[in-house]
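For reference, final_0.cif is printed below; it contains mmCIF, C-alpha atoms.
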```
data_final
#
loop_
_atom_site.label_atom_id
_atom_site.label_comp_id
_atom_site.auth_asym_id
_atom_site.auth_seq_id
_atom_site.Cartn_x
_atom_site.Cartn_y
_atom_site.Cartn_z
CA MET A 1 -21.09 23.59 -20.85
CA THR A 2 -23.40 21.80 -18.47
CA ASN A 3 -22.49 21.63 -14.82
CA ARG A 4 -21.81 17.94 -14.90
CA ARG A 5 -21.22 15.02 -17.18
CA GLY A 6 -23.93 12.37 -17.45
CA LEU A 7 -23.34 8.91 -16.01
CA LEU A 8 -24.15 5.58 -17.60
CA ILE A 9 -25.68 3.75 -14.64
CA ILE A 10 -25.76 -0.01 -15.20
CA LEU A 11 -27.91 -2.16 -12.93
CA SER A 12 -27.49 -5.89 -13.39
CA SER A 13 -28.83 -8.85 -11.46
CA PRO A 14 -30.51 -12.18 -12.05
CA SER A 15 -34.25 -11.70 -12.62
CA GLY A 16 -36.11 -11.77 -9.33
CA ALA A 17 -33.43 -9.96 -7.31
CA GLY A 18 -35.35 -6.69 -7.18
CA LYS A 19 -33.67 -4.86 -10.05
CA SER A 20 -36.88 -3.59 -11.73
CA THR A 21 -38.28 -2.21 -8.46
CA LEU A 22 -34.98 -0.52 -7.60
CA SER A 23 -34.72 0.91 -11.09
CA LYS A 24 -38.25 2.39 -10.78
CA ARG A 25 -37.51 3.86 -7.35
CA LEU A 26 -34.27 5.43 -8.57
CA ARG A 27 -36.16 7.23 -11.34
CA LEU A 28 -38.90 8.34 -8.95
CA TRP A 29 -36.18 9.81 -6.70
CA ASP A 30 -34.60 11.68 -9.62
CA PRO A 31 -36.85 11.91 -12.68
CA SER A 32 -34.01 13.54 -14.64
CA ILE A 33 -32.45 10.07 -14.94
CA GLU A 34 -33.36 8.70 -18.35
CA PHE A 35 -34.02 5.03 -18.93
CA SER A 36 -32.34 3.27 -21.83
CA VAL A 37 -35.13 1.36 -23.56
CA SER A 38 -33.60 -1.76 -25.10
CA ALA A 39 -34.16 -2.81 -28.68
CA THR A 40 -35.12 -6.46 -29.29
CA THR A 41 -36.07 -8.82 -32.09
CA ARG A 42 -38.30 -10.94 -29.85
CA ALA A 43 -42.09 -10.71 -30.22
CA PRO A 44 -43.94 -8.38 -27.84
CA ARG A 45 -45.64 -10.12 -24.90
CA PRO A 46 -49.26 -9.21 -24.12
CA GLY A 47 -49.38 -5.67 -22.74
CA GLU A 48 -45.88 -4.64 -23.81
CA VAL A 49 -45.73 -1.25 -25.48
CA ASP A 50 -43.32 -0.50 -28.32
CA GLY A 51 -40.92 2.31 -27.36
CA GLU A 52 -41.71 1.91 -23.66
CA ASP A 53 -40.94 -1.68 -22.70
CA TYR A 54 -38.75 -2.29 -25.75
CA HIS A 55 -38.10 -0.97 -29.19
CA PHE A 56 -39.37 -3.97 -31.16
CA MET A 57 -37.40 -4.49 -34.37
CA THR A 58 -37.07 -7.02 -37.15
CA GLU A 59 -33.88 -9.04 -37.22
CA GLU A 60 -32.92 -7.32 -40.46
CA ALA A 61 -33.32 -3.82 -38.99
CA PHE A 62 -31.46 -4.86 -35.83
CA LYS A 63 -28.49 -6.23 -37.78
CA ARG A 64 -28.38 -3.11 -39.95
CA SER A 65 -28.29 -0.92 -36.84
CA VAL A 66 -25.42 -2.99 -35.37
CA ALA A 67 -23.49 -2.74 -38.65
CA GLU A 68 -23.92 1.08 -38.58
CA GLU A 69 -22.70 1.18 -34.93
CA GLY A 70 -26.17 2.21 -33.83
CA MET A 71 -26.03 -0.07 -30.78
CA LEU A 72 -23.90 0.74 -27.73
CA GLU A 73 -23.99 -2.96 -26.85
CA HIS A 74 -25.89 -5.99 -28.07
CA ALA A 75 -26.23 -9.69 -27.36
CA HIS A 76 -27.99 -12.82 -28.56
CA VAL A 77 -30.03 -14.49 -25.78
CA PHE A 78 -32.41 -17.46 -26.16
CA GLY A 79 -32.54 -16.97 -29.95
CA ASN A 80 -33.32 -13.24 -29.86
CA PHE A 81 -31.21 -10.12 -30.21
CA TYR A 82 -31.17 -7.42 -27.54
CA GLY A 83 -29.31 -4.12 -27.66
CA SER A 84 -29.05 -0.55 -26.33
CA PRO A 85 -29.54 2.12 -29.03
CA ARG A 86 -26.62 4.55 -28.94
CA ALA A 87 -28.18 7.85 -30.11
CA PRO A 88 -30.51 8.59 -27.13
CA VAL A 89 -27.70 7.78 -24.68
CA GLN A 90 -25.26 10.12 -26.40
CA THR A 91 -27.87 12.92 -26.45
CA ALA A 92 -28.65 12.53 -22.73
CA ILE A 93 -25.01 12.30 -21.63
CA ASN A 94 -24.07 15.40 -23.66
CA ALA A 95 -26.90 17.28 -21.90
CA GLY A 96 -25.47 16.27 -18.49
CA LYS A 97 -28.20 13.70 -17.81
CA ASP A 98 -27.65 10.21 -16.43
CA VAL A 99 -28.92 7.17 -18.29
CA LEU A 100 -30.01 4.00 -16.49
CA PHE A 101 -29.42 0.60 -18.12
CA ASP A 102 -31.23 -2.55 -17.00
CA ILE A 103 -28.95 -4.99 -18.86
CA ASP A 104 -27.00 -8.20 -18.31
CA TRP A 105 -23.28 -8.81 -17.81
CA GLN A 106 -22.57 -9.03 -21.55
CA GLY A 107 -24.03 -5.59 -22.18
CA ALA A 108 -22.31 -4.19 -19.09
CA GLN A 109 -18.96 -5.51 -20.32
CA GLN A 110 -19.39 -3.94 -23.76
CA ILE A 111 -20.37 -0.53 -22.33
CA ARG A 112 -17.50 -0.60 -19.82
CA ASN A 113 -15.11 -1.19 -22.71
CA SER A 114 -16.67 1.44 -24.98
CA ALA A 115 -15.63 5.05 -25.47
CA LEU A 116 -18.08 5.97 -22.68
CA GLY A 117 -16.56 3.42 -20.27
CA GLN A 118 -14.94 6.09 -18.09
CA HIS A 119 -18.36 7.52 -17.24
CA THR A 120 -19.95 4.18 -16.40
CA LEU A 121 -21.17 3.24 -12.93
CA SER A 122 -21.95 -0.46 -12.72
CA ILE A 123 -23.87 -1.98 -9.82
CA PHE A 124 -24.70 -5.64 -9.31
CA ILE A 125 -27.66 -6.66 -7.14
CA LEU A 126 -27.22 -10.06 -5.47
CA PRO A 127 -30.17 -11.96 -3.99
CA PRO A 128 -29.95 -13.09 -0.35
CA SER A 129 -30.70 -16.66 -1.51
CA ILE A 130 -31.44 -18.78 -4.59
CA LYS A 131 -34.68 -20.04 -3.02
CA GLU A 132 -36.23 -16.59 -3.29
CA LEU A 133 -35.23 -16.28 -6.97
CA ARG A 134 -36.81 -19.65 -7.80
CA ARG A 135 -39.99 -18.77 -5.95
CA ARG A 136 -40.42 -15.56 -7.92
CA LEU A 137 -39.84 -17.25 -11.27
CA GLU A 138 -42.35 -19.97 -10.38
CA THR A 139 -45.09 -17.59 -9.24
CA ARG A 140 -44.93 -15.62 -12.47
CA ASN A 141 -46.93 -18.56 -13.86
CA GLN A 142 -46.24 -17.67 -17.45
CA ASP A 143 -43.35 -19.99 -18.20
CA SER A 144 -43.06 -23.76 -18.65
CA ALA A 145 -40.97 -25.88 -16.24
CA ASP A 146 -38.34 -26.18 -18.95
CA THR A 147 -38.17 -22.40 -19.38
CA ILE A 148 -37.91 -21.92 -15.60
CA SER A 149 -35.02 -24.37 -15.46
CA LYS A 150 -33.33 -22.48 -18.31
CA ARG A 151 -33.93 -19.19 -16.51
CA MET A 152 -32.44 -20.51 -13.26
CA GLN A 153 -29.35 -21.52 -15.22
CA LYS A 154 -29.27 -18.04 -16.74
CA SER A 155 -29.63 -16.53 -13.25
CA TRP A 156 -26.62 -18.43 -12.05
CA ASP A 157 -24.62 -17.45 -15.16
CA GLU A 158 -25.52 -13.83 -14.45
CA ILE A 159 -24.54 -14.06 -10.77
CA SER A 160 -21.20 -15.59 -11.72
CA HIS A 161 -20.20 -12.23 -13.28
CA TRP A 162 -20.69 -10.15 -10.11
CA GLY A 163 -16.90 -9.72 -9.90
CA SER A 164 -16.76 -7.26 -12.82
CA TYR A 165 -18.99 -4.61 -11.25
CA ASP A 166 -17.90 -1.44 -9.40
CA HIS A 167 -20.39 -1.86 -6.56
CA VAL A 168 -22.23 -4.92 -5.28
CA LEU A 169 -25.35 -4.83 -3.09
CA ILE A 170 -27.05 -7.78 -1.37
CA ASN A 171 -30.76 -7.00 -1.60
CA ASP A 172 -32.10 -8.48 1.64
CA ASP A 173 -33.96 -5.27 2.52
CA LEU A 174 -35.42 -3.28 -0.35
CA ASP A 175 -35.48 0.09 1.48
CA ARG A 176 -31.87 -0.22 2.61
CA THR A 177 -30.74 -1.30 -0.84
CA GLU A 178 -32.64 1.64 -2.35
CA SER A 179 -30.88 4.04 0.02
CA GLU A 180 -27.48 2.53 -0.78
CA LEU A 181 -28.17 2.78 -4.50
CA LYS A 182 -29.06 6.49 -4.24
CA GLN A 183 -25.96 7.22 -2.18
CA ILE A 184 -23.79 5.46 -4.76
CA VAL A 185 -25.30 7.59 -7.54
CA THR A 186 -24.87 10.82 -5.53
CA ALA A 187 -21.26 9.94 -4.65
CA THR A 188 -20.37 9.04 -8.23
CA ARG A 189 -21.77 12.32 -9.51
CA LEU A 190 -19.26 14.01 -7.18
CA LYS A 191 -16.30 12.27 -8.78
CA ARG A 192 -13.86 14.73 -10.22
CA ILE A 193 -14.20 13.36 -13.76
CA GLN A 194 -17.98 13.86 -13.64
CA GLN A 195 -17.65 17.58 -12.86
CA PRO A 196 -16.17 19.42 -15.86
CA HIS A 197 -17.23 22.78 -14.35
CA LEU A 198 -14.53 22.42 -11.66
CA VAL A 199 -11.92 23.55 -14.17
CA GLU A 200 -13.71 26.91 -14.41
CA HIS A 201 -14.06 27.19 -10.64
CA VAL A 202 -10.35 26.57 -10.01
CA ARG A 203 -9.45 29.04 -12.78
CA SER A 204 -11.48 31.72 -10.97
CA LEU A 205 -9.73 30.87 -7.66
CA GLN A 206 -6.40 31.25 -9.44
CA SER A 207 -7.28 34.71 -10.81
CA GLU A 208 -8.44 35.78 -7.37
CA PHE A 209 -5.21 34.49 -5.80
CA GLU A 210 -2.96 36.21 -8.36
CA ASP A 211 -4.84 39.52 -8.04
CA GLY A 212 -4.33 39.41 -4.27
CA GLN A 213 -0.58 38.69 -4.20
CA MET B 1 -12.38 -12.51 8.21
CA THR B 2 -14.07 -9.19 8.87
CA ASN B 3 -17.08 -8.23 6.83
CA ARG B 4 -15.29 -5.49 5.00
CA ARG B 5 -11.91 -4.06 4.22
CA GLY B 6 -10.94 -0.77 5.83
CA LEU B 7 -10.63 2.35 3.70
CA LEU B 8 -7.87 4.96 3.80
CA ILE B 9 -9.95 8.15 3.61
CA ILE B 10 -7.82 11.13 2.61
CA LEU B 11 -9.23 14.63 3.07
CA SER B 12 -7.12 17.41 1.58
CA SER B 13 -7.75 21.12 1.15
CA PRO B 14 -6.03 24.43 1.72
CA SER B 15 -6.30 25.43 5.37
CA GLY B 16 -9.47 27.42 5.98
CA ALA B 17 -11.66 25.44 3.55
CA GLY B 18 -13.48 23.58 6.34
CA LYS B 19 -11.47 20.36 6.35
CA SER B 20 -11.03 20.12 10.15
CA THR B 21 -14.73 20.69 10.84
CA LEU B 22 -15.73 18.12 8.20
CA SER B 23 -13.21 15.66 9.55
CA LYS B 24 -14.68 16.04 13.07
CA ARG B 25 -18.24 15.65 11.84
CA LEU B 26 -17.36 12.53 9.88
CA ARG B 27 -15.98 10.90 13.02
CA LEU B 28 -19.00 11.96 15.09
CA TRP B 29 -21.21 10.31 12.47
CA ASP B 30 -19.20 7.09 12.62
CA PRO B 31 -16.91 6.84 15.66
CA SER B 32 -15.46 3.59 14.29
CA ILE B 33 -13.45 5.71 11.84
CA GLU B 34 -9.96 6.13 13.26
CA PHE B 35 -7.94 9.28 12.80
CA SER B 36 -4.35 9.04 11.63
CA VAL B 37 -2.40 11.29 14.02
CA SER B 38 0.55 12.71 12.09
CA ALA B 39 4.10 12.64 13.36
CA THR B 40 6.08 15.89 13.18
CA THR B 41 9.45 17.34 14.11
CA ARG B 42 8.04 20.83 14.66
CA ALA B 43 7.71 22.17 18.21
CA PRO B 44 4.29 21.83 19.89
CA ARG B 45 2.18 25.01 19.88
CA PRO B 46 0.54 26.09 23.13
CA GLY B 47 -2.23 23.65 24.02
CA GLU B 48 -1.20 20.92 21.60
CA VAL B 49 -1.18 17.44 23.13
CA ASP B 50 1.38 14.81 22.15
CA GLY B 51 -0.33 11.75 20.66
CA GLU B 52 -3.57 13.66 20.04
CA ASP B 53 -2.73 16.64 17.87
CA TYR B 54 0.56 15.19 16.68
CA HIS B 55 3.16 12.65 17.64
CA PHE B 56 6.02 15.05 18.38
CA MET B 57 9.38 13.55 17.45
CA THR B 58 13.01 14.60 17.20
CA GLU B 59 14.43 14.87 13.71
CA GLU B 60 16.69 11.91 14.46
CA ALA B 61 13.81 9.66 15.53
CA PHE B 62 11.74 10.78 12.53
CA LYS B 63 14.53 9.98 10.06
CA ARG B 64 15.10 6.59 11.68
CA SER B 65 11.40 5.76 11.36
CA VAL B 66 11.42 6.74 7.67
CA ALA B 67 14.52 4.57 7.09
CA GLU B 68 12.74 1.62 8.70
CA GLU B 69 9.64 2.20 6.52
CA GLY B 70 7.70 3.22 9.58
CA MET B 71 6.01 6.10 7.73
CA LEU B 72 3.27 5.51 5.17
CA GLU B 73 4.08 8.94 3.73
CA HIS B 74 6.18 11.89 4.77
CA ALA B 75 7.11 15.35 3.59
CA HIS B 76 9.26 18.33 4.46
CA VAL B 77 7.24 21.54 4.83
CA PHE B 78 8.50 24.94 6.08
CA GLY B 79 11.63 23.31 7.55
CA ASN B 80 9.82 20.57 9.48
CA PHE B 81 9.09 16.93 8.77
CA TYR B 82 5.55 15.56 8.80
CA GLY B 83 4.49 11.95 8.30
CA SER B 84 1.81 9.30 8.86
CA PRO B 85 2.96 6.37 11.05
CA ARG B 86 2.28 3.10 9.22
CA ALA B 87 1.62 0.64 12.09
CA PRO B 88 -1.68 2.02 13.47
CA VAL B 89 -3.07 2.31 9.93
CA GLN B 90 -2.22 -1.28 9.08
CA THR B 91 -3.77 -2.51 12.35
CA ALA B 92 -7.02 -0.60 11.75
CA ILE B 93 -7.35 -1.63 8.09
CA ASN B 94 -6.77 -5.30 8.93
CA ALA B 95 -9.57 -5.06 11.51
CA GLY B 96 -11.94 -3.70 8.85
CA LYS B 97 -11.84 -0.14 10.18
CA ASP B 98 -11.46 3.00 8.10
CA VAL B 99 -8.68 5.48 8.78
CA LEU B 100 -9.07 9.20 8.13
CA PHE B 101 -6.05 11.24 6.97
CA ASP B 102 -5.95 15.02 7.15
CA ILE B 103 -2.89 15.45 4.91
CA ASP B 104 -1.69 17.47 1.93
CA TRP B 105 -1.29 16.54 -1.74
CA GLN B 106 2.22 15.14 -1.26
CA GLY B 107 1.06 12.69 1.39
CA ALA B 108 -2.03 11.81 -0.64
CA GLN B 109 0.14 11.06 -3.66
CA GLN B 110 2.44 8.78 -1.66
CA ILE B 111 -0.44 6.83 -0.10
CA ARG B 112 -2.22 6.48 -3.45
CA ASN B 113 0.97 4.95 -4.88
CA SER B 114 1.62 2.68 -1.89
CA ALA B 115 0.61 -0.97 -1.45
CA LEU B 116 -2.63 0.29 0.15
CA GLY B 117 -3.44 2.54 -2.82
CA GLN B 118 -6.29 0.35 -4.04
CA HIS B 119 -8.17 0.94 -0.79
CA THR B 120 -7.70 4.69 -0.77
CA LEU B 121 -10.56 7.17 -1.10
CA SER B 122 -9.26 10.68 -1.72
CA ILE B 123 -11.44 13.76 -1.44
CA PHE B 124 -10.44 17.35 -2.09
CA ILE B 125 -12.36 20.23 -0.50
CA LEU B 126 -12.31 23.42 -2.55
CA PRO B 127 -13.24 26.80 -1.04
CA PRO B 128 -15.93 28.87 -2.78
CA SER B 129 -13.47 31.78 -2.95
CA ILE B 130 -9.92 32.83 -2.04
CA LYS B 131 -11.27 35.84 -0.09
CA GLU B 132 -12.75 33.52 2.53
CA LEU B 133 -9.47 31.60 2.94
CA ARG B 134 -7.51 34.82 3.44
CA ARG B 135 -10.01 36.10 5.99
CA ARG B 136 -9.71 32.93 8.06
CA LEU B 137 -5.92 32.96 8.04
CA GLU B 138 -5.88 36.63 9.07
CA THR B 139 -8.35 36.24 11.96
CA ARG B 140 -6.31 33.43 13.48
CA ASN B 141 -4.08 36.29 14.70
CA GLN B 142 -1.17 34.06 15.52
CA ASP B 143 0.92 34.48 12.40
CA SER B 144 2.97 37.33 11.00
CA ALA B 145 2.08 39.01 7.69
CA ASP B 146 5.02 37.21 6.11
CA THR B 147 3.77 33.83 7.36
CA ILE B 148 0.26 34.61 6.12
CA SER B 149 1.62 35.43 2.68
CA LYS B 150 3.59 32.16 2.71
CA ARG B 151 0.49 30.26 3.78
CA MET B 152 -1.60 31.82 1.02
CA GLN B 153 1.03 30.65 -1.46
CA LYS B 154 0.87 27.19 0.12
CA SER B 155 -2.94 27.28 -0.16
CA TRP B 156 -2.72 27.95 -3.84
CA ASP B 157 -0.09 25.22 -4.30
CA GLU B 158 -2.44 22.81 -2.51
CA ILE B 159 -5.46 23.83 -4.63
CA SER B 160 -3.43 23.33 -7.80
CA HIS B 161 -3.36 19.57 -7.06
CA TRP B 162 -7.16 19.10 -6.93
CA GLY B 163 -6.95 17.15 -10.21
CA SER B 164 -5.42 14.05 -8.58
CA TYR B 165 -8.32 13.35 -6.21
CA ASP B 166 -11.16 10.85 -6.70
CA HIS B 167 -13.87 13.24 -5.51
CA VAL B 168 -13.97 17.02 -5.32
CA LEU B 169 -16.42 19.05 -3.21
CA ILE B 170 -16.92 22.82 -3.24
CA ASN B 171 -17.62 23.73 0.38
CA ASP B 172 -20.06 26.61 0.04
CA ASP B 173 -22.52 25.04 2.51
CA LEU B 174 -21.04 23.05 5.38
CA ASP B 175 -24.14 20.88 5.98
CA ARG B 176 -24.47 19.94 2.32
CA THR B 177 -20.76 19.19 2.05
CA GLU B 178 -20.97 17.04 5.20
CA SER B 179 -23.88 15.07 3.71
CA GLU B 180 -21.98 14.59 0.43
CA LEU B 181 -18.90 13.43 2.29
CA LYS B 182 -20.86 10.81 4.24
CA GLN B 183 -22.55 9.55 1.09
CA ILE B 184 -19.17 9.21 -0.61
CA VAL B 185 -17.85 7.15 2.33
CA THR B 186 -20.97 4.94 2.39
CA ALA B 187 -20.84 4.39 -1.37
CA THR B 188 -17.13 3.57 -1.35
CA ARG B 189 -17.62 1.00 1.40
CA LEU B 190 -20.06 -0.71 -0.99
CA LYS B 191 -17.44 -1.10 -3.70
CA ARG B 192 -16.87 -4.71 -4.60
CA ILE B 193 -13.18 -4.59 -3.63
CA GLN B 194 -14.07 -3.32 -0.15
CA GLN B 195 -16.33 -6.32 0.57
CA PRO B 196 -14.26 -9.51 0.83
CA HIS B 197 -17.22 -11.35 2.40
CA LEU B 198 -19.04 -11.31 -0.96
CA VAL B 199 -16.91 -14.25 -2.11
CA GLU B 200 -18.44 -16.35 0.68
CA HIS B 201 -21.94 -15.17 -0.10
CA VAL B 202 -21.68 -16.05 -3.79
CA ARG B 203 -20.17 -19.43 -2.89
CA SER B 204 -23.25 -20.17 -0.77
CA LEU B 205 -25.54 -19.11 -3.65
CA GLN B 206 -23.64 -21.47 -5.92
CA SER B 207 -24.07 -24.45 -3.55
CA GLU B 208 -27.75 -23.69 -3.26
CA PHE B 209 -28.11 -23.47 -7.04
CA GLU B 210 -26.25 -26.74 -7.63
CA ASP B 211 -28.25 -28.58 -4.97
CA GLY B 212 -31.49 -27.45 -6.65
CA GLN B 213 -30.66 -28.45 -10.23
#
```
Is it possible to express this structure as C-alpha cells?
Amino acid sequence: MTNRRGLLIILSSPSGAGKSTLSKRLRLWDPSIEFSVSATTRAPRPGEVDGEDYHFMTEEAFKRSVAEEGMLEHAHVFGNFYGSPRAPVQTAINAGKDVLFDIDWQGAQQIRNSALGQHTLSIFILPPSIKELRRRLETRNQDSADTISKRMQKSWDEISHWGSYDHVLINDDLDRTESELKQIVTATRLKRIQQPHLVEHVRSLQSEFEDGQ
Amino acid sequence: MTNRRGLLIILSSPSGAGKSTLSKRLRLWDPSIEFSVSATTRAPRPGEVDGEDYHFMTEEAFKRSVAEEGMLEHAHVFGNFYGSPRAPVQTAINAGKDVLFDIDWQGAQQIRNSALGQHTLSIFILPPSIKELRRRLETRNQDSADTISKRMQKSWDEISHWGSYDHVLINDDLDRTESELKQIVTATRLKRIQQPHLVEHVRSLQSEFEDGQ
C-alpha cells in the first residue's frame, strides 16, 4: 500500500484567466503530479505534438474508446470531441500519484460524478475582469473576429459554472494565486480519506495502548 | 456583507499530542482567530482564570444554559459538565471571523451536526506513539496513578474517533504539523462556500460581458 491515495486535481477557468501558467507552476513545484493529456478529434495546430499537447484521434477511434468506457469524461465542443483517457489516470492514482486535469465544467462534472469523484479536488480560477480576458484572446492573433466572439461567449458559459467547484480563486496576482493553489493541494492531501496508511498507524497505537494497560 | 464567512475550526486529540501548542501557534499566526473558551462545572485548578481558561459555572446555571440552547455542544466527562457557549461563536462567525475549538470528539460531533456544520473544519492530531503520551501525563505530576490510568483510557477513546475528522495530522514534528495546520486553514478559507463575496464578483463579470457583446 502506498502512503497516500492520488488526487484528481481539476483546474477550470475561461481561457485567458491564467490556468495554463498555474498548471505549469504546480507541476514545477511537484513534478510527481502527472498531467492528464486530453484526447481530441480536432486537427493538430502548427507546433502541437501528439501525446504531449493532445492525443490526436480519429472520430471513429474516439467513439470506440467512449463505447468501451476508455474515457473518464468527454464532451463535444465546436464540432470536435475532447476527452480524458481513463487508463493513465487509474494507473497514477493507484500508485499514489496526483493527476492534474485542465478541463472545462462539463468534464469536471462528469469526473465529480464518477467512481473517482470522492478523490477529486476541483478548483475554479476566476479572472479579475472580462476586459483582461478579451485582451488576451485578441492578442493571440490567430482567430477571426467571429471565433473571438464565440470564445467570449464560451468564456462566459464557463464562468457561469463556478458554483460547482470546491475552491474558487480570483487570479488578480499570479504569485498569490500560485501560493493559494499549492496550499489547497497540500491541505487536500492531508484529508483523512486521502491517507489510507492512517489505519495502520492507529492500529499500532492501539496495540501499544493495550500492551501498556 | 463581510468578504468571507467565518470557520469553526475544531482541533481534537488526546491530551499530550501537542494540541495546545498548535492551537497557540495558530492564533499567533493569525490573531483574528478567536478562541472558544469552554464553560465547565468543575472547580478551577490553581492559577486558572475565569473567562480565560474556562467560564466556571454552577451545575444549575450550566443546565439552564443548555435548556435555553445556549450551548453549541456539551458533554459530561469525569462527573463534570463541559460546553461551548453559542453566543460568542455566532457573533464571530457573522463578522467573518474564525473560531477555534479545543474540544473532544463528542463536542466535534455535535458541532458538525449543528446548523453551523457546513462551516466546520475538523482536524485530528494523532501522536506518533502512545509512549510519548504516557510520558507527558506522568511528568505533569499533578495526578494520581489511578487518574493517569483513567486518562490513558480516555486518550485511547479519543484516538478511536479519528475517523470522523476532515483532516488528520500525525504530530511527529511540531514545526511541520504547524505548517500543515496553517495551510489547511488557508485552503479551507478559499472554499467556495466560505466566500459569499464571489456572488458579487461574478455578477460584475456578467455585467461587463453583457455590455461588451
Residue list for chain A near chain B as a short mmCIF file (atom, residue, chain, number, x, y, z; two decimals) with C-alpha atoms, in the coordinates of the input, 10 Å, all atoms listed in the file:
```cif
data_model
loop_
_atom_site.label_atom_id
_atom_site.label_comp_id
_atom_site.auth_asym_id
_atom_site.auth_seq_id
_atom_site.Cartn_x
_atom_site.Cartn_y
_atom_site.Cartn_z
CA ILE A 123 -23.87 -1.98 -9.82
CA PHE A 124 -24.70 -5.64 -9.31
CA LEU A 126 -27.22 -10.06 -5.47
CA PRO A 127 -30.17 -11.96 -3.99
CA PRO A 128 -29.95 -13.09 -0.35
CA SER A 129 -30.70 -16.66 -1.51
CA ILE A 130 -31.44 -18.78 -4.59
CA LYS A 131 -34.68 -20.04 -3.02
CA ARG A 134 -36.81 -19.65 -7.80
CA SER A 149 -35.02 -24.37 -15.46
CA MET A 152 -32.44 -20.51 -13.26
CA GLN A 153 -29.35 -21.52 -15.22
CA SER A 155 -29.63 -16.53 -13.25
CA TRP A 156 -26.62 -18.43 -12.05
CA ILE A 159 -24.54 -14.06 -10.77
CA SER A 160 -21.20 -15.59 -11.72
CA TRP A 162 -20.69 -10.15 -10.11
CA GLY A 163 -16.90 -9.72 -9.90
CA SER A 164 -16.76 -7.26 -12.82
CA TYR A 165 -18.99 -4.61 -11.25
CA ASP A 166 -17.90 -1.44 -9.40
CA HIS A 167 -20.39 -1.86 -6.56
CA VAL A 168 -22.23 -4.92 -5.28
CA LEU A 169 -25.35 -4.83 -3.09
CA ILE A 170 -27.05 -7.78 -1.37
CA GLU A 180 -27.48 2.53 -0.78
CA LEU A 181 -28.17 2.78 -4.50
CA LYS A 182 -29.06 6.49 -4.24
CA GLN A 183 -25.96 7.22 -2.18
CA ILE A 184 -23.79 5.46 -4.76
CA VAL A 185 -25.30 7.59 -7.54
CA THR A 186 -24.87 10.82 -5.53
CA ALA A 187 -21.26 9.94 -4.65
CA THR A 188 -20.37 9.04 -8.23
CA ARG A 189 -21.77 12.32 -9.51
CA LEU A 190 -19.26 14.01 -7.18
CA LYS A 191 -16.30 12.27 -8.78
CA ARG A 192 -13.86 14.73 -10.22
CA ILE A 193 -14.20 13.36 -13.76
CA GLN A 194 -17.98 13.86 -13.64
CA GLN A 195 -17.65 17.58 -12.86
CA LEU A 198 -14.53 22.42 -11.66
CA VAL A 199 -11.92 23.55 -14.17
CA HIS A 201 -14.06 27.19 -10.64
CA VAL A 202 -10.35 26.57 -10.01
CA ARG A 203 -9.45 29.04 -12.78
CA SER A 204 -11.48 31.72 -10.97
CA LEU A 205 -9.73 30.87 -7.66
CA GLN A 206 -6.40 31.25 -9.44
CA SER A 207 -7.28 34.71 -10.81
CA GLU A 208 -8.44 35.78 -7.37
CA PHE A 209 -5.21 34.49 -5.80
CA GLU A 210 -2.96 36.21 -8.36
CA GLY A 212 -4.33 39.41 -4.27
CA GLN A 213 -0.58 38.69 -4.20
#
```
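Near B:Pro85, within a cut-off of 6 Å and counting only C-alpha atoms, sit the residues B:Gly70, B:Met71, B:Leu72, with same-chain residues fewer than 6 positions away left out.
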On this structure, which residues satisfy the PyMOL selection byres ((chain A and resi 11-20) around 8), written as a compact mmCIF listing (two decimals) with C-alpha atoms, in the coordinates of the input?
```
# COMPACT_ATOMS: atom_id res chain seq x y z
CA ILE A 9 -25.68 3.75 -14.64
CA ILE A 10 -25.76 -0.01 -15.20
CA THR A 21 -38.28 -2.21 -8.46
CA LEU A 22 -34.98 -0.52 -7.60
CA SER A 23 -34.72 0.91 -11.09
CA LYS A 24 -38.25 2.39 -10.78
CA LEU A 100 -30.01 4.00 -16.49
CA PHE A 101 -29.42 0.60 -18.12
CA ASP A 102 -31.23 -2.55 -17.00
CA ILE A 103 -28.95 -4.99 -18.86
CA ASP A 104 -27.00 -8.20 -18.31
CA TRP A 105 -23.28 -8.81 -17.81
CA ALA A 108 -22.31 -4.19 -19.09
CA SER A 122 -21.95 -0.46 -12.72
CA ILE A 123 -23.87 -1.98 -9.82
CA PHE A 124 -24.70 -5.64 -9.31
CA ILE A 125 -27.66 -6.66 -7.14
CA LEU A 126 -27.22 -10.06 -5.47
CA PRO A 127 -30.17 -11.96 -3.99
CA GLU A 132 -36.23 -16.59 -3.29
CA LEU A 133 -35.23 -16.28 -6.97
CA ARG A 136 -40.42 -15.56 -7.92
CA LEU A 137 -39.84 -17.25 -11.27
CA LYS A 154 -29.27 -18.04 -16.74
CA SER A 155 -29.63 -16.53 -13.25
CA TRP A 156 -26.62 -18.43 -12.05
CA GLU A 158 -25.52 -13.83 -14.45
CA ILE A 159 -24.54 -14.06 -10.77
CA ASN A 171 -30.76 -7.00 -1.60
CA LEU A 174 -35.42 -3.28 -0.35
```
Shell around B:Ser84 at 7 Å using only C-alpha atoms, local window under 2 positions removed, as number ranges by chain: B: 36-39, 71-74, 86
Residues proximal to (5.1, 0.9, 1.2) were defined as those with any atom within 8 Å of that point in the file's coordinates, counting only C-alpha atoms. Which are they, as a PDB file with C-alpha atoms, in the coordinates of the input?
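Saved to result-v6.pdb:
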```pdb
ATOM      1  CA  GLU B  69       9.640   2.200   6.520  1.00  0.00           C
ATOM      2  CA  LEU B  72       3.270   5.510   5.170  1.00  0.00           C
ATOM      3  CA  SER B 114       1.620   2.680  -1.890  1.00  0.00           C
ATOM      4  CA  ALA B 115       0.610  -0.970  -1.450  1.00  0.00           C
ATOM      5  CA  LEU B 116      -2.630   0.290   0.150  1.00  0.00           C
TER       6      LEU B 116
END
```
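Shortest atom-to-atom contact with B:Asp98 among B:Ile111, B:Leu8, B:Ala43, B:Ile148: B:Leu8, counting all atoms listed in the file.
The spacing separating atom CA of A:Gln90 from atom CA of A:Arg42 amounts to 25.0 Å.
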Can you list what the PyMOL selection byres ((chain A and resi 97) around 12) grabs from this structure, as a count of residues only? 30
